[in-house]
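Next up, protein_19.pdb (PDB, C-alpha atoms):
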ATOM      1  CA  MET A 294       0.000   0.000   0.000
ATOM      2  CA  TYR A 295       1.253   3.500  -0.886
ATOM      3  CA  SER A 296       1.270   6.124   1.832
ATOM      4  CA  PRO A 297      -0.918   9.246   1.351
ATOM      5  CA  GLY A 298       2.232  11.339   1.051
ATOM      6  CA  PHE A 299       3.617   9.154  -1.733
ATOM      7  CA  SER A 300       0.308   9.285  -3.634
ATOM      8  CA  PHE A 301       0.303  13.076  -3.310
ATOM      9  CA  MET A 302       3.812  13.251  -4.797
ATOM     10  CA  ILE A 303       2.783  11.055  -7.757
ATOM     11  CA  ASN A 304      -0.287  13.203  -8.433
ATOM     12  CA  ALA A 305       1.808  16.372  -8.187
ATOM     13  CA  CYS A 306       4.328  14.990 -10.687
ATOM     14  CA  ILE A 307       1.538  14.048 -13.114
ATOM     15  CA  LEU A 308       0.014  17.527 -12.768
ATOM     16  CA  LEU A 309       3.363  19.217 -13.412
ATOM     17  CA  SER A 310       3.928  17.028 -16.481
ATOM     18  CA  LEU A 311       0.500  17.944 -17.843
ATOM     19  CA  MET A 312       1.122  21.641 -17.204
ATOM     20  CA  SER A 313       4.459  21.422 -18.996
ATOM     21  CA  LEU A 314       2.823  19.658 -21.951
ATOM     22  CA  ILE A 315       0.054  22.265 -22.168
ATOM     23  CA  SER A 316       2.518  25.167 -22.002
ATOM     24  CA  SER A 317       4.544  23.676 -24.863
ATOM     25  CA  LEU A 318       1.520  23.435 -27.141
ATOM     26  CA  GLU A 319       1.082  26.150 -29.744
ATOM     27  CA  PRO A 320      -1.264  28.933 -28.616
ATOM     28  CA  GLN A 321      -4.514  29.830 -30.324
ATOM     29  CA  LEU A 322      -4.307  32.062 -33.384
ATOM     30  CA  GLY A 323      -6.522  35.135 -33.492
ATOM     31  CA  SER A 324      -8.983  35.553 -36.361
ATOM     32  CA  THR A 325      -6.945  38.207 -38.231
ATOM     33  CA  ARG A 326      -4.882  37.151 -41.236
ATOM     34  CA  VAL A 327      -2.255  39.231 -43.022
ATOM     35  CA  VAL A 328      -1.006  38.511 -46.534
ATOM     36  CA  PHE A 329       2.347  39.733 -47.865
ATOM     37  CA  GLN A 330       2.364  39.640 -51.654
ATOM     38  CA  THR A 331       5.970  39.197 -52.787
ATOM     39  CA  ASN A 332       7.530  38.858 -56.214
ATOM     40  CA  TYR A 333       7.871  35.127 -55.457
ATOM     41  CA  GLY A 334       4.354  34.462 -54.163
ATOM     42  CA  ASP A 335       2.105  35.182 -51.218
ATOM     43  CA  ILE A 336       2.800  34.544 -47.530
ATOM     44  CA  GLU A 337      -0.159  34.565 -45.135
ATOM     45  CA  PHE A 338       0.182  34.696 -41.372
ATOM     46  CA  GLY A 339      -1.873  35.024 -38.212
ATOM     47  CA  PHE A 340      -1.190  36.463 -34.765
ATOM     48  CA  PHE A 341      -0.926  35.163 -31.189
ATOM     49  CA  PRO A 342      -2.674  38.038 -29.346
ATOM     50  CA  THR A 343      -2.653  36.217 -25.994
ATOM     51  CA  VAL A 344       1.107  35.614 -26.181
ATOM     52  CA  ALA A 345       2.414  39.010 -27.330
ATOM     53  CA  PRO A 346      -0.458  41.546 -27.326
ATOM     54  CA  LYS A 347       1.697  44.696 -27.555
ATOM     55  CA  THR A 348       3.791  43.263 -30.394
ATOM     56  CA  VAL A 349       0.685  42.121 -32.286
ATOM     57  CA  ASP A 350      -0.954  45.549 -31.930
ATOM     58  CA  HIS A 351       2.177  47.308 -33.202
ATOM     59  CA  ILE A 352       2.836  45.042 -36.189
ATOM     60  CA  PHE A 353      -0.820  44.939 -37.213
ATOM     61  CA  LYS A 354      -1.045  48.739 -37.064
ATOM     62  CA  LEU A 355       1.964  48.998 -39.367
ATOM     63  CA  VAL A 356       0.248  46.567 -41.750
ATOM     64  CA  ARG A 357      -2.998  48.580 -41.680
ATOM     65  CA  LEU A 358      -1.028  51.753 -42.444
ATOM     66  CA  GLY A 359       0.655  50.062 -45.415
ATOM     67  CA  GLY A 360       4.012  50.266 -43.679
ATOM     68  CA  TYR A 361       5.349  46.994 -45.106
ATOM     69  CA  ASN A 362       4.455  47.800 -48.723
ATOM     70  CA  THR A 363       7.632  48.082 -50.886
ATOM     71  CA  ASN A 364       9.702  46.688 -47.976
ATOM     72  CA  HIS A 365      11.784  43.540 -48.506
ATOM     73  CA  PHE A 366      13.322  40.394 -47.002
ATOM     74  CA  PHE A 367      16.936  41.398 -46.451
ATOM     75  CA  ARG A 368      17.982  38.023 -45.036
ATOM     76  CA  VAL A 369      17.256  34.462 -46.172
ATOM     77  CA  ASP A 370      19.242  31.817 -44.325
ATOM     78  CA  LYS A 371      18.026  28.407 -45.529
ATOM     79  CA  GLY A 372      16.753  26.241 -42.677
ATOM     80  CA  PHE A 373      16.996  29.148 -40.232
ATOM     81  CA  VAL A 374      15.136  32.428 -40.974
ATOM     82  CA  ALA A 375      13.769  34.747 -43.634
ATOM     83  CA  GLN A 376      13.933  38.219 -42.085
ATOM     84  CA  VAL A 377      11.844  41.249 -43.031
ATOM     85  CA  ALA A 378      13.780  44.522 -42.976
ATOM     86  CA  ASP A 379      12.973  47.393 -40.633
ATOM     87  CA  VAL A 380      10.435  49.513 -42.511
ATOM     88  CA  MET A 381      12.319  52.728 -41.682
ATOM     89  CA  GLY A 382      15.164  51.743 -43.982
ATOM     90  CA  GLY A 383      13.789  48.825 -45.976
ATOM     91  CA  ARG A 384      11.018  50.440 -48.012
ATOM     92  CA  SER A 385      11.665  51.713 -51.527
ATOM     93  CA  ALA A 386       8.762  54.181 -51.231
ATOM     94  CA  PRO A 387       8.864  57.201 -48.890
ATOM     95  CA  MET A 388       6.906  57.015 -45.657
ATOM     96  CA  ASN A 389       4.117  59.361 -44.649
ATOM     97  CA  GLU A 390       4.038  60.962 -41.209
ATOM     98  CA  GLU A 391       1.631  58.434 -39.669
ATOM     99  CA  GLN A 392       3.688  55.471 -40.908
ATOM    100  CA  ARG A 393       6.893  57.028 -39.645
ATOM    101  CA  LYS A 394       5.420  57.772 -36.222
ATOM    102  CA  GLU A 395       4.383  54.135 -35.722
ATOM    103  CA  ALA A 396       7.587  52.728 -37.234
ATOM    104  CA  GLU A 397       9.746  54.690 -34.792
ATOM    105  CA  LYS A 398       8.113  52.982 -31.803
ATOM    106  CA  THR A 399       9.700  50.035 -29.997
ATOM    107  CA  VAL A 400       7.871  47.329 -28.080
ATOM    108  CA  VAL A 401       8.694  45.579 -24.836
ATOM    109  CA  GLY A 402      10.176  42.102 -25.231
ATOM    110  CA  GLU A 403       7.204  39.761 -24.757
ATOM    111  CA  PHE A 404       9.112  36.498 -24.301
ATOM    112  CA  SER A 405       7.141  33.288 -23.844
ATOM    113  CA  GLU A 406       7.308  29.502 -23.692
ATOM    114  CA  VAL A 407       6.280  29.142 -27.354
ATOM    115  CA  LYS A 408       8.948  27.329 -29.367
ATOM    116  CA  HIS A 409      10.831  28.610 -32.396
ATOM    117  CA  VAL A 410       9.865  26.132 -35.118
ATOM    118  CA  ARG A 411       9.322  26.485 -38.870
ATOM    119  CA  GLY A 412       6.643  29.022 -39.727
ATOM    120  CA  ILE A 413       6.831  30.971 -36.452
ATOM    121  CA  LEU A 414       7.054  34.795 -36.550
ATOM    122  CA  SER A 415       9.678  36.207 -34.188
ATOM    123  CA  MET A 416      10.576  39.857 -33.579
ATOM    124  CA  GLY A 417      14.013  41.123 -34.480
ATOM    125  CA  ARG A 418      15.854  43.257 -31.934
ATOM    126  CA  TYR A 419      19.245  44.569 -30.812
ATOM    127  CA  ASP A 420      20.953  43.601 -27.550
ATOM    128  CA  ASP A 421      18.326  45.558 -25.640
ATOM    129  CA  PRO A 422      15.442  43.068 -25.108
ATOM    130  CA  ASP A 423      12.945  45.929 -25.504
ATOM    131  CA  SER A 424      14.324  47.235 -28.812
ATOM    132  CA  GLY A 425      11.981  45.380 -31.208
ATOM    133  CA  SER A 426      10.560  47.722 -33.844
ATOM    134  CA  SER A 427       9.313  46.485 -37.234
ATOM    135  CA  SER A 428      11.813  43.890 -38.415
ATOM    136  CA  PHE A 429      10.832  40.286 -37.805
ATOM    137  CA  SER A 430      11.822  36.812 -38.881
ATOM    138  CA  ILE A 431       9.867  33.903 -40.307
ATOM    139  CA  LEU A 432      11.440  30.693 -39.056
ATOM    140  CA  LEU A 433      12.562  28.323 -41.821
ATOM    141  CA  GLY A 434      13.473  25.560 -39.366
ATOM    142  CA  ASN A 435      13.662  24.794 -35.666
ATOM    143  CA  ALA A 436      15.824  27.176 -33.625
ATOM    144  CA  PRO A 437      15.627  26.216 -29.930
ATOM    145  CA  HIS A 438      18.532  28.565 -29.082
ATOM    146  CA  LEU A 439      16.135  31.484 -29.714
ATOM    147  CA  ASP A 440      13.465  30.200 -27.326
ATOM    148  CA  GLY A 441      12.621  32.588 -24.510
ATOM    149  CA  THR A 442      14.910  35.344 -25.799
ATOM    150  CA  TYR A 443      13.013  36.589 -28.867
ATOM    151  CA  ALA A 444       9.329  37.550 -28.897
ATOM    152  CA  ILE A 445       7.104  35.156 -30.850
ATOM    153  CA  PHE A 446       3.890  36.795 -32.015
ATOM    154  CA  GLY A 447       2.379  34.627 -34.777
ATOM    155  CA  ARG A 448       2.914  32.006 -37.429
ATOM    156  CA  VAL A 449       2.530  31.410 -41.153
ATOM    157  CA  THR A 450      -0.852  29.942 -42.135
ATOM    158  CA  LYS A 451      -0.325  29.720 -45.912
ATOM    159  CA  GLY A 452       2.626  30.171 -48.228
ATOM    160  CA  ASP A 453       5.202  27.576 -47.200
ATOM    161  CA  ASP A 454       5.683  26.951 -50.927
ATOM    162  CA  THR A 455       6.760  30.597 -51.257
ATOM    163  CA  LEU A 456       9.189  30.225 -48.358
ATOM    164  CA  LYS A 457      10.704  27.185 -50.085
ATOM    165  CA  LYS A 458      11.215  29.279 -53.237
ATOM    166  CA  LEU A 459      13.020  31.924 -51.193
ATOM    167  CA  GLU A 460      15.290  29.270 -49.694
ATOM    168  CA  GLN A 461      16.429  28.266 -53.185
ATOM    169  CA  LEU A 462      17.560  31.763 -54.212
ATOM    170  CA  PRO A 463      21.275  32.555 -54.502
ATOM    171  CA  THR A 464      22.757  34.276 -51.437
ATOM    172  CA  ARG A 465      25.868  36.025 -50.230
ATOM    173  CA  LYS A 466      27.257  36.358 -46.712
ATOM    174  CA  GLU A 467      27.798  39.714 -45.020
ATOM    175  CA  GLY A 468      29.099  39.270 -41.488
ATOM    176  CA  ILE A 469      26.650  37.014 -39.637
ATOM    177  CA  PHE A 470      23.896  37.531 -42.213
ATOM    178  CA  VAL A 471      23.106  35.319 -45.209
ATOM    179  CA  MET A 472      21.447  37.673 -47.698
ATOM    180  CA  PRO A 473      19.745  37.142 -51.071
ATOM    181  CA  THR A 474      21.655  38.513 -54.059
ATOM    182  CA  GLU A 475      18.444  39.972 -55.495
ATOM    183  CA  ARG A 476      15.743  41.999 -53.781
ATOM    184  CA  ILE A 477      12.740  40.051 -52.454
ATOM    185  CA  THR A 478      10.109  42.774 -52.413
ATOM    186  CA  ILE A 479       6.869  42.873 -50.451
ATOM    187  CA  LEU A 480       4.890  44.387 -53.305
ATOM    188  CA  SER A 481       1.777  44.959 -51.214
ATOM    189  CA  SER A 482      -0.095  43.623 -48.216
ATOM    190  CA  TYR A 483      -3.663  43.183 -47.096
ATOM    191  CA  TYR A 484      -5.568  41.687 -44.181
ATOM    192  CA  TYR A 485      -8.904  40.055 -43.456
ATOM    193  CA  ASP A 486     -10.820  38.444 -40.612
ATOM    194  CA  THR A 487     -11.537  34.713 -40.775
ATOM    195  CA  GLU A 488     -14.616  35.042 -38.573
ATOM    196  CA  THR A 489     -16.131  37.559 -40.990
ATOM    197  CA  GLU A 490     -15.260  35.275 -43.893
ATOM    198  CA  ASN A 491     -16.988  32.367 -42.146
ATOM    199  CA  CYS A 492     -20.060  34.511 -41.477
ATOM    200  CA  GLU A 493     -20.243  35.452 -45.147
ATOM    201  CA  GLN A 494     -20.041  31.789 -46.115
ATOM    202  CA  ASP A 495     -22.721  30.874 -43.565
ATOM    203  CA  ARG A 496     -24.993  33.639 -44.846
ATOM    204  CA  SER A 497     -24.487  32.475 -48.422
ATOM    205  CA  ILE A 498     -25.311  28.857 -47.490
ATOM    206  CA  LEU A 499     -28.372  29.974 -45.522
ATOM    207  CA  LYS A 500     -29.636  32.067 -48.443
ATOM    208  CA  ARG A 501     -29.272  29.101 -50.823
ATOM    209  CA  ARG A 502     -31.089  26.814 -48.377
ATOM    210  CA  LEU A 503     -33.907  29.327 -47.908
ATOM    211  CA  ALA A 504     -34.194  29.754 -51.675
ATOM    212  CA  ALA A 505     -34.319  25.980 -52.160
ATOM    213  CA  SER A 506     -36.935  25.669 -49.411
ATOM    214  CA  ALA A 507     -39.045  28.380 -51.026
ATOM    215  CA  VAL A 508     -38.921  26.540 -54.343
ATOM    216  CA  GLU A 509     -39.928  23.281 -52.650
ATOM    217  CA  VAL A 510     -42.819  24.954 -50.804
ATOM    218  CA  GLU A 511     -44.020  26.487 -54.076
ATOM    219  CA  LYS A 512     -43.884  23.060 -55.783
ATOM    220  CA  GLN A 513     -45.991  21.545 -52.992
ATOM    221  CA  ARG A 514     -48.442  24.441 -53.118
ATOM    222  CA  MET A 515     -48.877  24.057 -56.874
ATOM    223  CA  LYS A 516     -49.349  20.301 -56.471
ATOM    224  CA  CYS A 517     -51.853  20.440 -53.615
ATOM    225  CA  PHE A 518     -53.583  23.726 -54.396
ATOM    226  CA  PRO A 519     -53.536  24.145 -58.176
TER     227      PRO A 519
END
What would the structure in this file look like if it were written as structure tokens?
Amino acid sequence: MYSPGFSFMINACILLSLMSLISSLEPQLGSTRVVFQTNYGDIEFGFFPTVAPKTVDHIFKLVRLGGYNTNHFFRVDKGFVAQVADVMGGRSAPMNEEQRKEAEKTVVGEFSEVKHVRGILSMGRYDDPDSGSSSFSILLGNAPHLDGTYAIFGRVTKGDDTLKKLEQLPTRKEGIFVMPTERITILSSYYYDTETENCEQDRSILKRRLAASAVEVEKQRMKCFP
């Protein structure tokens, strides 16, 4: 027979294991989706608003302002990251005052237990953990050495085929960076809400069902009450 104390220890260990497993699972994506349209194809991603709310708000505002349009991926390191340039220096088009004001902001480092695996979006920064601005990386492989030290705020939902194309492009090395030899431009960007999209689909289905029901009722009326 096990003592009560021993049983308590076993239950506590099981609970801790379950908590660890739950914390390692990927968090829930919000309903917003952003699409970067590049000269090599589209990349769609969603946000983790419960993991990095300040980062998500900042990046999404820059998207809404068109801040990433004409920007580019300055770094493509196969199996590691594809990194979007800071919009302050990466855009080919001039910035308006509202874009510049938002782009100059930095966000606090919202580090979490979420793992750096392929498709994850992770903020770029300098040595200062609170220096993240507008540059971020899309993970092209697993990078556990970044876990807990760079702010994860979303992940790619569509466009892995585009990322694979980027990984095949010729590169050159400048210091620690592996950079594409030709410019990978974010031609434009847009966003949408998946919940709204689902509602539109539901409304469309409901309208078709109502129309079909009306036709069936009319057929029965004509048959029974000519």
(request) Any chance you could resolve the PyMOL selection byres ((chain A and resi 412) around 9) against this file and give the residues as a PyMOL selection string? (result) chain A and resi 338+409-411+413-414+431-434+447-450+453
(message) Just checking: using all atoms listed in the file, which residue out of A:Tyr483, A:Phe404, A:Phe366, A:Tyr443 ends up closest to Lys354 of chain A?
(response)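 Using all atoms listed in the file, the shortest distance to Lys354 of chain A belongs to A:Tyr483.
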(request) Using only C-alpha atoms, collect all residues at a distance of at most 7 Å from (7.9, 47.8, -35.2) as written in the file, then present them as a VMD selection string. (result) chain A and resid 351 to 352 396 398 to 399 425 to 428
(message) If we count only C-alpha atoms and set the cut-off at 8 Å, which residues sit around segment 383-395 of chain A, ignoring sequence neighbours fewer than 5 positions away in its own chain? Please answer as a PyMOL selection string.
(response) chain A and resi 351+354-355+358-365+378
(request) Calculate how many Å separate atom CA of Met381 of chain A from atom CA of Arg357 of chain A, rounding to one decimal. (result)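 Interatomic distance here is 15.9 Å.
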(message) Evaluated on this file, the PyMOL selection byres ((chain A and resi 317-332) around 8) picks out some residues - which ones are they, written as an MDAnalysis selection string?
(response) chainID A and resid 313:316 333:344 356 406:408 447 477:488
(message) With distances taken over all atoms listed in the file, which residue among A:Val374, A:Asp423, A:Lys466, A:Ala345 lies nearest Asn435 of chain A?
(response)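 The closest residue to Asn435 of chain A is A:Val374.
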(request) I need the residue set behind the PyMOL selection byres ((chain A and resi 368) around 12) for this file; please write it as a PyMOL selection string. (result) chain A and resi 365-367+369-371+373-379+383+417+428-433+459-460+462-478
(request) Calculate how many Å separate atom CA of Lys458 of chain A from atom CA of Ser415 of chain A, rounding to one decimal. (result)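 Atom-to-atom, atom CA of Lys458 of chain A and atom CA of Ser415 of chain A are spaced 20.3 Å apart.
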(request) Report the distance between atom CA of Asp421 of chain A and atom CA of Lys347 of chain A in Å, rounded to one decimal place. (result) 16.8 Å
(request) Return the single residue from A:Leu439, A:Met416, A:Gln461, A:Thr489 that is closest to Glu403 of chain A, with distances computed using all atoms listed in the file. (result) A:Met416
Once N, CA, C and O atoms are restored for segment 391-407 of chain A, what would the output be as a PDB file, in the coordinates of the input?
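Once written, selection20.pdb looks like this:
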ATOM      1  N   GLU A 391       2.265  59.416 -40.556  1.00  0.00           N
ATOM      2  CA  GLU A 391       1.631  58.434 -39.669  1.00  0.00           C
ATOM      3  C   GLU A 391       2.403  57.121 -39.662  1.00  0.00           C
ATOM      4  O   GLU A 391       2.596  56.506 -38.607  1.00  0.00           O
ATOM      5  N   GLN A 392       2.876  56.686 -40.828  1.00  0.00           N
ATOM      6  CA  GLN A 392       3.688  55.471 -40.908  1.00  0.00           C
ATOM      7  C   GLN A 392       4.982  55.637 -40.130  1.00  0.00           C
ATOM      8  O   GLN A 392       5.390  54.750 -39.377  1.00  0.00           O
ATOM      9  N   ARG A 393       5.621  56.787 -40.313  1.00  0.00           N
ATOM     10  CA  ARG A 393       6.893  57.028 -39.645  1.00  0.00           C
ATOM     11  C   ARG A 393       6.727  57.051 -38.119  1.00  0.00           C
ATOM     12  O   ARG A 393       7.540  56.489 -37.393  1.00  0.00           O
ATOM     13  N   LYS A 394       5.667  57.672 -37.655  1.00  0.00           N
ATOM     14  CA  LYS A 394       5.420  57.772 -36.222  1.00  0.00           C
ATOM     15  C   LYS A 394       5.286  56.393 -35.586  1.00  0.00           C
ATOM     16  O   LYS A 394       5.836  56.126 -34.521  1.00  0.00           O
ATOM     17  N   GLU A 395       4.556  55.490 -36.252  1.00  0.00           N
ATOM     18  CA  GLU A 395       4.383  54.135 -35.722  1.00  0.00           C
ATOM     19  C   GLU A 395       5.668  53.320 -35.862  1.00  0.00           C
ATOM     20  O   GLU A 395       6.026  52.551 -34.968  1.00  0.00           O
ATOM     21  N   ALA A 396       6.370  53.500 -36.978  1.00  0.00           N
ATOM     22  CA  ALA A 396       7.587  52.728 -37.234  1.00  0.00           C
ATOM     23  C   ALA A 396       8.710  53.067 -36.261  1.00  0.00           C
ATOM     24  O   ALA A 396       9.590  52.238 -36.002  1.00  0.00           O
ATOM     25  N   GLU A 397       8.695  54.273 -35.725  1.00  0.00           N
ATOM     26  CA  GLU A 397       9.746  54.690 -34.792  1.00  0.00           C
ATOM     27  C   GLU A 397       9.558  54.112 -33.397  1.00  0.00           C
ATOM     28  O   GLU A 397      10.465  54.169 -32.567  1.00  0.00           O
ATOM     29  N   LYS A 398       8.397  53.542 -33.126  1.00  0.00           N
ATOM     30  CA  LYS A 398       8.113  52.982 -31.803  1.00  0.00           C
ATOM     31  C   LYS A 398       8.858  51.661 -31.605  1.00  0.00           C
ATOM     32  O   LYS A 398       9.142  50.937 -32.553  1.00  0.00           O
ATOM     33  N   THR A 399       9.168  51.351 -30.360  1.00  0.00           N
ATOM     34  CA  THR A 399       9.700  50.035 -29.997  1.00  0.00           C
ATOM     35  C   THR A 399       8.718  49.376 -29.029  1.00  0.00           C
ATOM     36  O   THR A 399       7.916  50.059 -28.393  1.00  0.00           O
ATOM     37  N   VAL A 400       8.782  48.065 -28.958  1.00  0.00           N
ATOM     38  CA  VAL A 400       7.871  47.329 -28.080  1.00  0.00           C
ATOM     39  C   VAL A 400       8.667  46.524 -27.057  1.00  0.00           C
ATOM     40  O   VAL A 400       9.785  46.081 -27.326  1.00  0.00           O
ATOM     41  N   VAL A 401       8.065  46.346 -25.901  1.00  0.00           N
ATOM     42  CA  VAL A 401       8.694  45.579 -24.836  1.00  0.00           C
ATOM     43  C   VAL A 401       8.856  44.129 -25.285  1.00  0.00           C
ATOM     44  O   VAL A 401       8.038  43.610 -26.046  1.00  0.00           O
ATOM     45  N   GLY A 402       9.930  43.495 -24.850  1.00  0.00           N
ATOM     46  CA  GLY A 402      10.176  42.102 -25.231  1.00  0.00           C
ATOM     47  C   GLY A 402       9.188  41.155 -24.557  1.00  0.00           C
ATOM     48  O   GLY A 402       9.308  40.891 -23.358  1.00  0.00           O
ATOM     49  N   GLU A 403       8.235  40.651 -25.306  1.00  0.00           N
ATOM     50  CA  GLU A 403       7.204  39.761 -24.757  1.00  0.00           C
ATOM     51  C   GLU A 403       7.625  38.303 -24.969  1.00  0.00           C
ATOM     52  O   GLU A 403       7.110  37.609 -25.840  1.00  0.00           O
ATOM     53  N   PHE A 404       8.567  37.850 -24.168  1.00  0.00           N
ATOM     54  CA  PHE A 404       9.112  36.498 -24.301  1.00  0.00           C
ATOM     55  C   PHE A 404       8.152  35.482 -23.694  1.00  0.00           C
ATOM     56  O   PHE A 404       7.465  35.761 -22.716  1.00  0.00           O
ATOM     57  N   SER A 405       8.123  34.294 -24.267  1.00  0.00           N
ATOM     58  CA  SER A 405       7.141  33.288 -23.844  1.00  0.00           C
ATOM     59  C   SER A 405       7.743  31.889 -23.917  1.00  0.00           C
ATOM     60  O   SER A 405       8.920  31.709 -24.249  1.00  0.00           O
ATOM     61  N   GLU A 406       6.893  30.905 -23.636  1.00  0.00           N
ATOM     62  CA  GLU A 406       7.308  29.502 -23.692  1.00  0.00           C
ATOM     63  C   GLU A 406       7.088  28.894 -25.073  1.00  0.00           C
ATOM     64  O   GLU A 406       7.417  27.725 -25.292  1.00  0.00           O
ATOM     65  N   VAL A 407       6.530  29.657 -26.001  1.00  0.00           N
ATOM     66  CA  VAL A 407       6.280  29.142 -27.354  1.00  0.00           C
ATOM     67  C   VAL A 407       7.626  28.870 -28.033  1.00  0.00           C
ATOM     68  O   VAL A 407       8.579  29.640 -27.890  1.00  0.00           O
TER      69      VAL A 407
END
